[in-house]
>>> print(open('target-v1.pdb').read())   # PDB, C-alpha atoms
ATOM      1  CA  MET Z1383       0.000   0.000   0.000  1.00  0.00           C
ATOM      2  CA  ILE Z1384       1.367   3.397  -0.992  1.00  0.00           C
ATOM      3  CA  LYS Z1385       0.547   6.433   1.133  1.00  0.00           C
ATOM      4  CA  ASN Z1386       0.446  10.100   0.169  1.00  0.00           C
ATOM      5  CA  GLY Z1387       3.841  11.784   0.421  1.00  0.00           C
ATOM      6  CA  ALA Z1388       5.196  13.533   3.491  1.00  0.00           C
ATOM      7  CA  ASN Z1389       5.903  17.236   3.403  1.00  0.00           C
ATOM      8  CA  THR Z1390       9.390  18.722   3.499  1.00  0.00           C
ATOM      9  CA  ALA Z1391       8.797  20.442   6.846  1.00  0.00           C
ATOM     10  CA  SER Z1392       7.942  17.125   8.538  1.00  0.00           C
ATOM     11  CA  ILE Z1393      11.089  15.511   7.179  1.00  0.00           C
ATOM     12  CA  GLU Z1394      13.215  18.454   8.347  1.00  0.00           C
ATOM     13  CA  ASP Z1395      11.581  18.268  11.792  1.00  0.00           C
ATOM     14  CA  VAL Z1396      12.560  14.604  12.121  1.00  0.00           C
ATOM     15  CA  GLU Z1397      16.116  15.347  11.019  1.00  0.00           C
ATOM     16  CA  LYS Z1398      16.358  18.000  13.748  1.00  0.00           C
ATOM     17  CA  LEU Z1399      14.745  15.688  16.310  1.00  0.00           C
ATOM     18  CA  LEU Z1400      17.213  12.902  15.509  1.00  0.00           C
ATOM     19  CA  ASN Z1401      20.121  15.333  14.997  1.00  0.00           C
ATOM     20  CA  THR Z1402      20.960  13.721  11.670  1.00  0.00           C
ATOM     21  CA  THR Z1403      20.458  14.063   7.940  1.00  0.00           C
ATOM     22  CA  LEU Z1404      18.352  11.353   6.356  1.00  0.00           C
ATOM     23  CA  PRO Z1405      19.726   9.834   3.145  1.00  0.00           C
ATOM     24  CA  TYR Z1406      18.671  11.698  -0.002  1.00  0.00           C
ATOM     25  CA  GLN Z1407      16.937   8.701  -1.586  1.00  0.00           C
ATOM     26  CA  TYR Z1408      14.978   8.008   1.609  1.00  0.00           C
ATOM     27  CA  LYS Z1409      13.789  11.627   1.720  1.00  0.00           C
ATOM     28  CA  ARG Z1410      12.732  11.397  -1.925  1.00  0.00           C
ATOM     29  CA  PHE Z1411      10.807   8.219  -1.114  1.00  0.00           C
ATOM     30  CA  LEU Z1412       9.071   9.909   1.834  1.00  0.00           C
ATOM     31  CA  LEU Z1413       8.068  12.841  -0.374  1.00  0.00           C
ATOM     32  CA  TRP Z1414       6.598  10.381  -2.879  1.00  0.00           C
ATOM     33  CA  SER Z1415       5.039   7.978  -0.356  1.00  0.00           C
ATOM     34  CA  ASN Z1416       5.069   8.674   3.353  1.00  0.00           C
ATOM     35  CA  GLY Z1417       5.851   5.112   4.352  1.00  0.00           C
ATOM     36  CA  GLY Z1418       4.185   2.028   3.033  1.00  0.00           C
ATOM     37  CA  GLU Z1419       3.830  -1.694   3.375  1.00  0.00           C
ATOM     38  CA  GLY Z1420       3.424  -4.764   1.263  1.00  0.00           C
ATOM     39  CA  LYS Z1421       5.011  -7.875  -0.202  1.00  0.00           C
ATOM     40  CA  LEU Z1422       8.529  -7.671  -1.550  1.00  0.00           C
ATOM     41  CA  GLY Z1423       9.381 -11.050  -2.979  1.00  0.00           C
ATOM     42  CA  ASP Z1424       8.779 -13.586  -0.230  1.00  0.00           C
ATOM     43  CA  ASN Z1425       8.918 -10.914   2.477  1.00  0.00           C
ATOM     44  CA  TYR Z1426       6.433  -8.453   3.874  1.00  0.00           C
ATOM     45  CA  ILE Z1427       7.918  -5.009   4.548  1.00  0.00           C
ATOM     46  CA  TYR Z1428       6.712  -1.985   6.499  1.00  0.00           C
ATOM     47  CA  ILE Z1429       8.385   1.397   6.024  1.00  0.00           C
ATOM     48  CA  TRP Z1430       7.491   3.863   8.749  1.00  0.00           C
ATOM     49  CA  ALA Z1431       5.731   7.112   7.938  1.00  0.00           C
ATOM     50  CA  ILE Z1432       7.592  10.196   9.123  1.00  0.00           C
ATOM     51  CA  GLU Z1433       4.996  10.733  11.875  1.00  0.00           C
ATOM     52  CA  ASP Z1434       5.643   7.206  13.184  1.00  0.00           C
ATOM     53  CA  VAL Z1435       9.335   8.039  13.587  1.00  0.00           C
ATOM     54  CA  THR Z1436       8.447  11.151  15.600  1.00  0.00           C
ATOM     55  CA  ILE Z1437       6.038   9.273  17.861  1.00  0.00           C
ATOM     56  CA  LEU Z1438       8.463   6.415  18.525  1.00  0.00           C
ATOM     57  CA  PHE Z1439      11.413   8.702  19.230  1.00  0.00           C
ATOM     58  CA  SER Z1440       9.313  10.845  21.574  1.00  0.00           C
ATOM     59  CA  ALA Z1441       8.153   7.750  23.443  1.00  0.00           C
ATOM     60  CA  LEU Z1442      11.743   6.547  23.890  1.00  0.00           C
ATOM     61  CA  THR Z1443      13.140   9.812  25.209  1.00  0.00           C
TER      62      THR Z1443
END
>>> encode(input="target-v1.pdb", output="structure tokens")
Amino acid sequence: MIKNGANTASIEDVEKLLNTTLPYQYKRFLLWSNGGEGKLGDNYIYIWAIEDVTILFSALT
């Protein structure tokens, strides 16, 4: 399942929160589809939406 893309401000907020720069290709993916899930070959994958990263990090700190 493909989700609507994240916005640039949300991605920048997560980079500040994590004190890091996300890889360029990952940011492009997030702008295209803010996370997603589905079959990839024999595996099932889940890629977190940018909001999920914020929630998890906040819960851990």
>>> atom_distance(input="target-v1.pdb", atom1="atom CA of Lys1409 of chain Z", atom2="atom CA of Lys1421 of chain Z")
21.5 Å
>>> resolve_selection(input="target-v1.pdb", expression="the PyMOL selection byres ((chain Z and resi 1431) around 9)", output="PyMOL selection string")
chain Z and resi 1385+1388+1412+1415-1418+1429-1430+1432-1435
>>> closest_residue(input="target-v1.pdb", among="Z:Ile1437, Z:Ile1427, Z:Leu1413, Z:Leu1422", to="Val1396 of chain Z", atoms="only C-alpha atoms")
Z:Ile1437
>>> atom_distance(input="target-v1.pdb", atom1="atom CA of Thr1402 of chain Z", atom2="atom CA of Asn1389 of chain Z")
17.5 Å
>>> atom_distance(input="target-v1.pdb", atom1="atom CA of Ser1440 of chain Z", atom2="atom CA of Tyr1428 of chain Z")
20.0 Å
